[in-house]
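> I am sharing start_39.txt, which consists of compact mmCIF, N, CA and C atoms:
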```txt
# COMPACT_ATOMS: atom_id res chain seq x y z
N MET A 283 244.80 159.06 -80.46
CA MET A 283 246.18 159.23 -80.91
C MET A 283 246.63 157.96 -81.63
N THR A 284 247.20 158.12 -82.81
CA THR A 284 247.65 156.96 -83.58
C THR A 284 249.11 156.66 -83.27
N THR A 285 249.57 155.50 -83.74
CA THR A 285 250.96 155.10 -83.53
C THR A 285 251.91 156.12 -84.15
N GLN A 286 251.55 156.67 -85.31
CA GLN A 286 252.43 157.61 -85.99
C GLN A 286 252.61 158.88 -85.19
N ASP A 287 251.63 159.25 -84.36
CA ASP A 287 251.74 160.44 -83.54
C ASP A 287 252.80 160.29 -82.45
N THR A 288 253.14 159.06 -82.10
CA THR A 288 254.06 158.83 -80.99
C THR A 288 255.47 158.42 -81.44
N ILE A 289 255.75 158.47 -82.75
CA ILE A 289 257.07 158.09 -83.24
C ILE A 289 258.10 159.11 -82.76
N LYS A 290 259.16 158.61 -82.15
CA LYS A 290 260.24 159.48 -81.71
C LYS A 290 261.32 159.50 -82.79
N LEU A 291 261.57 160.66 -83.34
CA LEU A 291 262.63 160.79 -84.33
C LEU A 291 263.97 160.76 -83.62
N LEU A 292 264.95 160.16 -84.27
CA LEU A 292 266.28 160.01 -83.67
C LEU A 292 267.20 161.14 -84.10
N ARG A 293 267.99 161.62 -83.17
CA ARG A 293 269.05 162.57 -83.51
C ARG A 293 270.17 161.80 -84.19
N LEU A 294 270.98 162.51 -84.95
CA LEU A 294 272.11 161.84 -85.61
C LEU A 294 273.08 161.25 -84.59
N THR A 295 273.21 161.89 -83.44
CA THR A 295 274.08 161.33 -82.40
C THR A 295 273.54 159.99 -81.90
N GLU A 296 272.21 159.87 -81.82
CA GLU A 296 271.60 158.60 -81.40
C GLU A 296 271.82 157.52 -82.46
N VAL A 297 271.75 157.90 -83.72
CA VAL A 297 272.01 156.96 -84.81
C VAL A 297 273.45 156.47 -84.71
N ALA A 298 274.38 157.40 -84.49
CA ALA A 298 275.80 157.04 -84.37
C ALA A 298 276.02 156.08 -83.20
N GLU A 299 275.36 156.34 -82.09
CA GLU A 299 275.49 155.45 -80.92
C GLU A 299 274.93 154.07 -81.21
N ARG A 300 273.76 154.02 -81.82
CA ARG A 300 273.12 152.72 -82.10
C ARG A 300 273.93 151.88 -83.08
N LEU A 301 274.57 152.55 -84.05
CA LEU A 301 275.37 151.82 -85.03
C LEU A 301 276.83 151.68 -84.60
N ASP A 302 277.20 152.35 -83.52
CA ASP A 302 278.57 152.36 -83.02
C ASP A 302 279.54 152.84 -84.10
N ILE A 303 279.17 153.98 -84.72
CA ILE A 303 280.01 154.61 -85.73
C ILE A 303 280.16 156.09 -85.40
N SER A 304 281.05 156.76 -86.09
CA SER A 304 281.31 158.17 -85.81
C SER A 304 280.26 159.07 -86.44
N MET A 305 280.17 160.29 -85.94
CA MET A 305 279.24 161.27 -86.50
C MET A 305 279.56 161.60 -87.96
N PRO A 306 280.84 161.77 -88.32
CA PRO A 306 281.11 162.03 -89.74
C PRO A 306 280.62 160.90 -90.65
N THR A 307 280.69 159.67 -90.17
CA THR A 307 280.20 158.54 -90.96
C THR A 307 278.69 158.61 -91.10
N VAL A 308 277.99 158.94 -90.03
CA VAL A 308 276.53 159.07 -90.09
C VAL A 308 276.16 160.18 -91.07
N ARG A 309 276.84 161.31 -90.98
CA ARG A 309 276.53 162.43 -91.88
C ARG A 309 276.77 162.03 -93.34
N ARG A 310 277.82 161.26 -93.60
CA ARG A 310 278.11 160.81 -94.96
C ARG A 310 277.02 159.86 -95.46
N LEU A 311 276.59 158.94 -94.60
CA LEU A 311 275.53 158.01 -94.98
C LEU A 311 274.23 158.74 -95.30
N VAL A 312 273.93 159.79 -94.53
CA VAL A 312 272.74 160.60 -94.80
C VAL A 312 272.92 161.37 -96.10
N LYS A 313 274.08 161.99 -96.27
CA LYS A 313 274.34 162.78 -97.48
C LYS A 313 274.26 161.90 -98.73
N ASP A 314 274.77 160.67 -98.63
CA ASP A 314 274.75 159.74 -99.76
C ASP A 314 273.38 159.10 -99.99
N GLY A 315 272.44 159.37 -99.08
CA GLY A 315 271.09 158.83 -99.22
C GLY A 315 270.95 157.39 -98.75
N LYS A 316 271.96 156.87 -98.08
CA LYS A 316 271.89 155.49 -97.59
C LYS A 316 271.01 155.39 -96.35
N ILE A 317 271.01 156.44 -95.54
CA ILE A 317 270.08 156.54 -94.41
C ILE A 317 269.19 157.74 -94.71
N LYS A 318 267.88 157.50 -94.76
CA LYS A 318 266.94 158.59 -95.01
C LYS A 318 266.85 159.47 -93.78
N ALA A 319 266.84 160.76 -93.99
CA ALA A 319 266.72 161.71 -92.89
C ALA A 319 265.65 162.74 -93.23
N ILE A 320 265.08 163.31 -92.19
CA ILE A 320 264.05 164.33 -92.31
C ILE A 320 264.61 165.61 -91.74
N ARG A 321 264.45 166.70 -92.48
CA ARG A 321 264.89 167.99 -91.96
C ARG A 321 263.74 168.59 -91.16
N VAL A 322 264.03 168.90 -89.90
CA VAL A 322 263.07 169.56 -89.02
C VAL A 322 263.70 170.90 -88.65
N GLY A 323 263.24 171.93 -89.32
CA GLY A 323 263.88 173.23 -89.13
C GLY A 323 265.29 173.17 -89.69
N ARG A 324 266.26 173.38 -88.84
CA ARG A 324 267.66 173.37 -89.28
C ARG A 324 268.38 172.08 -88.95
N VAL A 325 267.69 171.12 -88.34
CA VAL A 325 268.35 169.89 -87.91
C VAL A 325 267.82 168.69 -88.68
N LEU A 326 268.60 167.64 -88.70
CA LEU A 326 268.21 166.40 -89.36
C LEU A 326 267.80 165.39 -88.30
N ARG A 327 266.75 164.64 -88.61
CA ARG A 327 266.29 163.56 -87.74
C ARG A 327 266.07 162.32 -88.59
N VAL A 328 266.16 161.16 -87.95
CA VAL A 328 265.99 159.88 -88.64
C VAL A 328 264.84 159.12 -87.98
N ARG A 329 263.93 158.64 -88.81
CA ARG A 329 262.85 157.80 -88.26
C ARG A 329 263.43 156.44 -87.90
N PRO A 330 263.03 155.86 -86.77
CA PRO A 330 263.51 154.52 -86.41
C PRO A 330 263.30 153.51 -87.53
N LEU A 331 262.19 153.62 -88.25
CA LEU A 331 261.89 152.72 -89.36
C LEU A 331 262.96 152.84 -90.46
N ASP A 332 263.41 154.06 -90.74
CA ASP A 332 264.44 154.26 -91.77
C ASP A 332 265.79 153.71 -91.32
N LEU A 333 266.09 153.83 -90.04
CA LEU A 333 267.34 153.26 -89.52
C LEU A 333 267.28 151.73 -89.62
N GLU A 334 266.14 151.15 -89.26
CA GLU A 334 265.98 149.70 -89.35
C GLU A 334 266.10 149.23 -90.80
N SER A 335 265.54 150.01 -91.72
CA SER A 335 265.64 149.69 -93.14
C SER A 335 267.09 149.69 -93.60
N TYR A 336 267.86 150.69 -93.18
CA TYR A 336 269.28 150.75 -93.53
C TYR A 336 270.01 149.51 -92.99
N ILE A 337 269.72 149.15 -91.74
CA ILE A 337 270.38 147.99 -91.13
C ILE A 337 270.03 146.72 -91.90
N GLN A 338 268.75 146.53 -92.23
CA GLN A 338 268.33 145.34 -92.97
C GLN A 338 268.97 145.28 -94.35
N ASN A 339 269.03 146.41 -95.04
CA ASN A 339 269.68 146.44 -96.35
C ASN A 339 271.15 146.08 -96.24
N SER A 340 271.80 146.56 -95.19
CA SER A 340 273.22 146.26 -94.98
C SER A 340 273.42 144.78 -94.69
N VAL A 341 272.53 144.20 -93.86
CA VAL A 341 272.62 142.78 -93.54
C VAL A 341 272.41 141.94 -94.79
N ASN A 342 271.40 142.30 -95.59
CA ASN A 342 271.12 141.56 -96.81
C ASN A 342 272.28 141.65 -97.79
N LYS A 343 272.91 142.81 -97.88
CA LYS A 343 274.03 143.00 -98.79
C LYS A 343 275.22 142.14 -98.36
N VAL A 344 275.50 142.12 -97.06
CA VAL A 344 276.61 141.32 -96.54
C VAL A 344 276.31 139.84 -96.71
N ALA A 345 275.06 139.44 -96.46
CA ALA A 345 274.68 138.03 -96.62
C ALA A 345 274.83 137.60 -98.08
N GLY A 346 274.46 138.47 -99.01
CA GLY A 346 274.61 138.17 -100.43
C GLY A 346 276.06 138.02 -100.83
N GLN A 347 276.93 138.86 -100.27
CA GLN A 347 278.35 138.77 -100.57
C GLN A 347 278.93 137.48 -99.99
N ALA A 348 278.48 137.08 -98.82
CA ALA A 348 278.98 135.83 -98.21
C ALA A 348 278.56 134.64 -99.04
N THR A 349 277.35 134.68 -99.60
CA THR A 349 276.89 133.60 -100.46
C THR A 349 277.76 133.49 -101.70
N ASN A 350 278.11 134.63 -102.27
CA ASN A 350 278.96 134.64 -103.46
C ASN A 350 280.35 134.09 -103.15
N LEU A 351 280.83 134.29 -101.94
CA LEU A 351 282.14 133.80 -101.57
C LEU A 351 282.16 132.28 -101.43
N THR A 352 281.04 131.70 -101.00
CA THR A 352 281.01 130.27 -100.73
C THR A 352 280.41 129.47 -101.88
N GLY A 353 279.77 130.15 -102.80
CA GLY A 353 279.10 129.44 -103.89
C GLY A 353 280.02 129.13 -105.05
N GLY A 354 279.91 127.97 -105.60
CA GLY A 354 280.58 127.50 -106.83
C GLY A 354 281.76 128.31 -107.31
N GLY A 355 281.93 128.29 -108.59
CA GLY A 355 283.04 129.05 -109.16
C GLY A 355 284.24 128.17 -109.40
N ASP A 356 285.22 128.72 -110.03
CA ASP A 356 286.44 127.98 -110.38
C ASP A 356 287.40 127.97 -109.18
N GLN A 357 287.58 126.84 -108.58
CA GLN A 357 288.43 126.72 -107.41
C GLN A 357 289.78 126.13 -107.84
N ALA A 358 290.85 126.72 -107.36
CA ALA A 358 292.19 126.22 -107.73
C ALA A 358 292.62 125.10 -106.83
```
Rewrite the coordinates I just gave you, this time as structure tokens.


Amino acid sequence: MTTQDTIKLLRLTEVAERLDISMPTVRRLVKDGKIKAIRVGRVLRVRPLDLESYIQNSVNKVAGQATNLTGGGDQA
């Protein structure tokens, strides 16, 4: 059995709990393609790797914005 055989897909409710956000927000993030989801029958599931990727992208985006706030520019 390989590692991929043992991956547990996350329910959207689990994603909401891990991110401490509401279900409508999770559904919007999935619909907008910000969090990748897999359709299994009639339900959506998220791979832990895709959730981690979303978190890392969000952290990098916020870090980049913080750098822009503190870096150079015309100060009054």

> Would you please work out which residue, of A:Ile337, A:Val328, A:Ile289, A:Ala345, is nearest to Val312 of chain A when using only C-alpha atoms?

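Closest candidate: A:Val328.
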
> Give, as JSON, the centre coordinates and the x, y and z edge lengths in Å to one decimal for an axis-aligned box around all listed atoms of segment 293-299 of chain A, padded by 4 Å on each side.


```
{"center_x": 272.0, "center_y": 158.3, "center_z": -83.3, "size_x": 16.0, "size_y": 16.5, "size_z": 12.7}
```

> Could you find all residues in chain A that DSSP calls alpha helix (DSSP H) from the backbone, and write them as a ChimeraX atom specification?

/A:294-301,305-313,330-352

> In Å, with one decimal, what is the gap from atom N of Ile320 of chain A to atom C of Val308 of chain A?

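Separating atom N of Ile320 of chain A from atom C of Val308 of chain A is a distance of 11.6 Å.
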
> Rounded to one decimal place, report the atom C of Asp302 of chain A-atom CA of Val344 of chain A distance in Å.

17.2 Å

> I need the residues in chain A that are strand (DSSP E or B) according to DSSP; give them as number ranges by chain.

A: 292-293, 320-322, 325-328

> Please measure the separation of atom N of Val325 of chain A and atom CA of Leu294 of chain A, giving the value in Å to one decimal.

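Separation of atom N of Val325 of chain A and atom CA of Leu294 of chain A: 10.6 Å.
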
> Select all residues near (259.0, 154.2, -92.3) (cut-off 12 Å, inclusive, file coordinates), counting only C-alpha atoms, and output them as a list in words.

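So the residues meeting the distance criterion are Thr285, Gln286, Ile289, Lys290, Leu291, Ile317, Lys318, Ala319, Ile320, Val328, Arg329, Pro330, Leu331, Asp332, Leu333, Glu334, Ser335 and Tyr336 of chain A.
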
> Which is closer to Asn339 of chain A than all the others in A:Glu296, A:Arg309, A:Thr288, A:Lys316, using only C-alpha atoms?

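Looking at the shortest contact to Asn339 of chain A, the residue is A:Lys316.
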